[in-house]
>>> print(open('run00.cif').read())   # mmCIF, C-alpha atoms
data_query
loop_
_atom_site.label_atom_id
_atom_site.label_comp_id
_atom_site.auth_asym_id
_atom_site.auth_seq_id
_atom_site.Cartn_x
_atom_site.Cartn_y
_atom_site.Cartn_z
CA MET G 1 -10.99 33.93 25.72
CA THR G 2 -10.54 32.29 29.11
CA LYS G 3 -10.67 34.26 32.28
CA ARG G 4 -7.55 34.74 34.33
CA ARG G 5 -7.17 33.00 37.64
CA PRO G 6 -7.86 35.42 40.48
CA PRO G 7 -4.90 36.07 42.76
CA GLY G 8 -4.88 33.98 45.90
CA MET G 9 -6.89 31.11 44.36
CA SER G 10 -5.09 27.80 43.71
CA ASN G 11 -5.02 26.30 40.22
CA GLN G 12 -7.13 23.32 41.29
CA GLU G 13 -9.83 25.52 42.86
CA TRP G 14 -9.92 27.76 39.80
CA VAL G 15 -10.24 24.79 37.40
CA GLU G 16 -13.03 23.26 39.51
CA ALA G 17 -14.86 26.60 39.49
CA GLN G 18 -14.56 26.81 35.68
CA ILE G 19 -15.92 23.27 35.31
CA LYS G 20 -18.89 23.97 37.60
CA LEU G 21 -19.63 27.19 35.71
CA ALA G 22 -19.61 25.32 32.36
CA GLN G 23 -21.87 22.61 33.81
CA ASN G 24 -24.35 25.21 35.05
CA GLN G 25 -24.38 26.90 31.64
CA GLY G 26 -25.05 23.51 29.97
CA GLU G 27 -21.89 23.41 27.87
CA PHE G 28 -21.40 19.68 28.56
CA ASP G 29 -24.92 18.75 27.43
CA ASP G 30 -25.35 16.89 24.13
CA LEU G 31 -21.68 16.07 23.63
CA PRO G 32 -20.85 13.19 21.27
CA GLY G 33 -20.61 9.93 23.21
CA ALA G 34 -22.72 11.21 26.08
CA GLY G 35 -24.09 8.35 28.17
CA LYS G 36 -21.75 5.80 26.58
CA PRO G 37 -19.11 3.99 28.61
CA LEU G 38 -15.51 5.05 28.25
CA LYS G 39 -13.26 2.61 26.40
CA LEU G 40 -10.48 2.09 28.86
CA ALA G 41 -7.45 0.07 27.87
CA ASP G 42 -6.44 -3.22 29.35
CA GLN G 43 -4.25 -2.41 32.34
CA HIS G 44 -1.76 -5.13 31.47
CA ASP G 45 -1.13 -4.05 27.87
CA PRO G 46 1.44 -1.24 27.62
CA ASP G 47 0.92 -0.93 23.84
CA TRP G 48 -2.85 -0.40 23.98
CA TRP G 49 -2.60 3.02 22.39
CA VAL G 50 -0.65 1.70 19.36
CA LYS G 51 -3.15 -1.10 18.83
CA ASP G 52 -6.05 1.31 19.16
CA PHE G 53 -4.43 3.70 16.66
CA ILE G 54 -3.85 0.89 14.15
CA ARG G 55 -7.44 -0.30 14.48
CA ARG G 56 -8.92 3.20 14.33
CA GLU G 57 -6.85 4.34 11.34
CA ASP G 58 -7.16 0.96 9.56
CA LEU G 59 -3.42 0.65 9.04
CA GLU G 60 -1.65 -2.44 7.78
CA THR G 61 0.35 -3.95 10.60
CA GLU G 62 3.08 -5.07 8.19
CA ALA G 63 4.12 -1.43 7.84
CA LEU G 64 5.33 -1.53 11.45
CA LEU G 65 7.73 -4.42 10.86
CA PRO G 66 11.48 -3.83 10.48
CA PRO G 67 12.59 -3.57 6.83
CA ALA G 68 14.45 -6.89 6.93
CA VAL G 69 11.31 -8.73 8.06
CA GLN G 70 9.21 -6.92 5.44
CA LEU G 71 11.61 -8.02 2.71
CA ARG G 72 11.53 -11.61 3.92
CA LYS G 73 7.72 -11.62 3.87
CA GLU G 74 7.72 -10.06 0.40
CA LYS G 75 10.18 -12.71 -0.80
CA GLN G 76 7.87 -15.45 0.51
CA GLN G 77 4.93 -13.93 -1.38
CA VAL G 78 6.81 -13.25 -4.63
CA HIS G 79 4.99 -15.97 -6.62
CA GLU G 80 1.58 -14.56 -5.69
CA LYS G 81 2.74 -11.06 -6.59
CA VAL G 82 4.11 -11.95 -10.04
CA ARG G 83 1.10 -14.13 -10.86
CA GLY G 84 -0.94 -11.01 -11.57
CA MET G 85 1.67 -9.42 -13.84
CA ARG G 86 1.06 -9.57 -17.58
CA ARG G 87 4.47 -9.06 -19.19
CA GLU G 88 7.80 -10.72 -18.59
CA THR G 89 9.56 -7.35 -18.59
CA GLU G 90 7.29 -6.26 -15.74
CA VAL G 91 8.20 -9.42 -13.77
CA ARG G 92 11.91 -8.92 -14.44
CA GLU G 93 11.77 -5.27 -13.31
CA TYR G 94 9.97 -6.22 -10.09
CA LEU G 95 12.43 -9.03 -9.30
CA ALA G 96 15.43 -6.80 -10.04
CA ASP G 97 14.02 -4.12 -7.71
CA LEU G 98 13.33 -6.70 -4.98
CA ASN G 99 16.86 -8.14 -5.26
CA LYS G 100 18.32 -4.63 -5.15
CA ARG G 101 16.40 -3.87 -1.94
CA ILE G 102 17.46 -7.21 -0.42
CA ARG G 103 21.14 -6.56 -1.22
CA LEU G 104 20.86 -3.06 0.22
CA SER G 105 19.27 -4.47 3.38
CA ILE G 106 22.07 -7.04 3.73
CA ARG G 107 24.73 -4.36 3.30
CA ASP G 108 23.16 -1.71 5.56
CA THR G 109 21.68 -3.77 8.36
CA THR G 110 20.14 -1.66 11.11
CA GLY G 111 17.86 -3.51 13.46
CA PRO G 112 17.26 -7.23 13.63
CA VAL G 113 19.34 -9.41 11.32
CA VAL G 114 16.98 -11.61 9.35
CA PRO G 115 18.75 -13.86 6.86
CA THR G 116 17.23 -13.16 3.45
CA GLY G 117 19.01 -13.97 0.23
CA PRO G 118 18.25 -12.64 -3.23
CA VAL G 119 15.47 -14.16 -5.31
CA ASP G 120 16.49 -16.49 -8.15
CA GLU G 121 14.95 -14.60 -11.05
CA ASP G 122 15.22 -17.47 -13.55
CA VAL G 123 13.28 -19.87 -11.30
CA VAL G 124 10.52 -17.35 -10.62
CA ILE G 125 10.21 -16.43 -14.30
CA ALA G 126 10.14 -20.11 -15.34
CA GLN G 127 7.32 -20.76 -12.89
CA TRP G 128 5.54 -17.59 -14.05
CA ARG G 129 5.74 -18.83 -17.66
CA MET G 130 4.37 -22.25 -16.70
CA GLU G 131 1.40 -20.70 -14.87
CA ARG G 132 0.54 -18.43 -17.78
CA PRO G 133 -2.10 -19.78 -20.12
CA ALA G 134 -0.60 -20.79 -23.43
CA ARG G 135 -1.29 -18.14 -25.99
CA GLU G 136 -2.86 -19.33 -29.15
CA PRO G 137 -0.80 -18.47 -32.19
CA LEU G 138 -2.19 -15.66 -34.25
CA PRO G 139 -3.89 -16.89 -37.39
CA GLN G 140 -1.67 -16.59 -40.43
CA ARG G 141 -2.86 -14.00 -42.85
CA THR G 142 -3.37 -15.42 -46.23
CA GLU G 143 -2.67 -13.14 -49.08
CA GLU G 144 -5.97 -12.52 -50.70
CA HIS G 145 -5.58 -11.50 -54.25
CA ARG G 146 -7.38 -8.23 -54.44
CA PRO G 147 -6.99 -6.04 -57.38
CA ARG G 148 -4.93 -3.05 -56.49
CA LYS G 149 -6.87 0.12 -56.32
CA ARG G 150 -5.87 2.30 -59.20
CA SER G 151 -4.92 5.86 -58.60
CA ILE G 152 -7.06 8.68 -59.91
CA TRP G 153 -4.55 9.38 -62.67
CA GLN G 154 -4.65 5.79 -63.85
CA ARG G 155 -8.42 5.86 -63.93
CA LEU G 156 -8.52 9.14 -65.85
CA PHE G 157 -6.02 8.18 -68.52
CA SER G 158 -6.96 4.57 -69.13
#
>>> encode(input="run00.cif", output="structure tokens")
Amino acid sequence: MTKRRPPGMSNQEWVEAQIKLAQNQGEFDDLPGAGKPLKLADQHDPDWWVKDFIRREDLETEALLPPAVQLRKEKQQVHEKVRGMRRETEVREYLADLNKRIRLSIRDTTGPVVPTGPVDEDVVIAQWRMERPAREPLPQRTEEHRPRKRSIWQRLFS
């Protein structure tokens, strides 16, 4: 627990005395980063702390964009996104969800207005189909004439 400031002593004097006492006791020895220069921000960049936080926490910078801009970027990258999908139903669900979010963004605009229209699902699906490798038809099963296996009763009484 910290000691109380003695009466009649100013806050600054008391803090300086506490620091000197800690230095004399060696509490500042072997601290992490000892002897390394301080990383001071650029004086002309008011957003240095945000940039440092993004770098340190390894965040995606797209998460900081307004929703309308995010949707526009997602719409531009829709072909790359659907390229990795395996089923047409999966592609249709994704496009329906994207169009729903775009319509909602158009209706409830808060922030910058970025013109973004819905995605034409038929065009995207047609391109997705063209990029898919053609599936080879399954080989037709030929009916091999195998004798039917007789039941145990047929074998016993024949």
>>> closest_residue(input="run00.cif", among="G:Leu59, G:Ile106, G:Ile125, G:Leu64", to="Arg87 of chain G", atoms="all atoms listed in the file")
G:Ile125
>>> residues_around(input="run00.cif", residues="segment 107-115 of chain G", least_positions_apart="6", cutoff="8 Å", atoms="all atoms listed in the file", output="compact mmCIF listing (two decimals) with C-alpha atoms, in the coordinates of the input")
# COMPACT_ATOMS: atom_id res chain seq x y z
CA PRO G 66 11.48 -3.83 10.48
CA ALA G 68 14.45 -6.89 6.93
CA VAL G 69 11.31 -8.73 8.06
CA ARG G 72 11.53 -11.61 3.92
>>> residues_around(input="run00.cif", residues="segment 95-100 of chain G", least_positions_apart="5", cutoff="10 Å", atoms="only C-alpha atoms", output="list in words")
Leu71, Glu74, Lys75, Val78, Val82, Thr89, Glu90, Ser105, Ile106, Gly117, Pro118, Val119, Asp120, Glu121, Asp122, Val124 and Ile125 of chain G
>>> residues_near_point(input="run00.cif", point="(-12.9, 1.9, 24.7)", cutoff="12 Å", atoms="all atoms listed in the file", output="PDB file with C-alpha atoms, in the frame of the given file")
ATOM      1  CA  GLY G  33     -20.610   9.930  23.210  1.00  0.00           C
ATOM      2  CA  LYS G  36     -21.750   5.800  26.580  1.00  0.00           C
ATOM      3  CA  PRO G  37     -19.110   3.990  28.610  1.00  0.00           C
ATOM      4  CA  LEU G  38     -15.510   5.050  28.250  1.00  0.00           C
ATOM      5  CA  LYS G  39     -13.260   2.610  26.400  1.00  0.00           C
ATOM      6  CA  LEU G  40     -10.480   2.090  28.860  1.00  0.00           C
ATOM      7  CA  ALA G  41      -7.450   0.070  27.870  1.00  0.00           C
ATOM      8  CA  ASP G  42      -6.440  -3.220  29.350  1.00  0.00           C
ATOM      9  CA  TRP G  48      -2.850  -0.400  23.980  1.00  0.00           C
ATOM     10  CA  TRP G  49      -2.600   3.020  22.390  1.00  0.00           C
ATOM     11  CA  LYS G  51      -3.150  -1.100  18.830  1.00  0.00           C
ATOM     12  CA  ASP G  52      -6.050   1.310  19.160  1.00  0.00           C
ATOM     13  CA  PHE G  53      -4.430   3.700  16.660  1.00  0.00           C
ATOM     14  CA  ARG G  55      -7.440  -0.300  14.480  1.00  0.00           C
ATOM     15  CA  ARG G  56      -8.920   3.200  14.330  1.00  0.00           C
TER      16      ARG G  56
END
>>> atom_distance(input="run00.cif", atom1="atom CA of Ala63 of chain G", atom2="atom CA of Glu88 of chain G")
28.3 Å
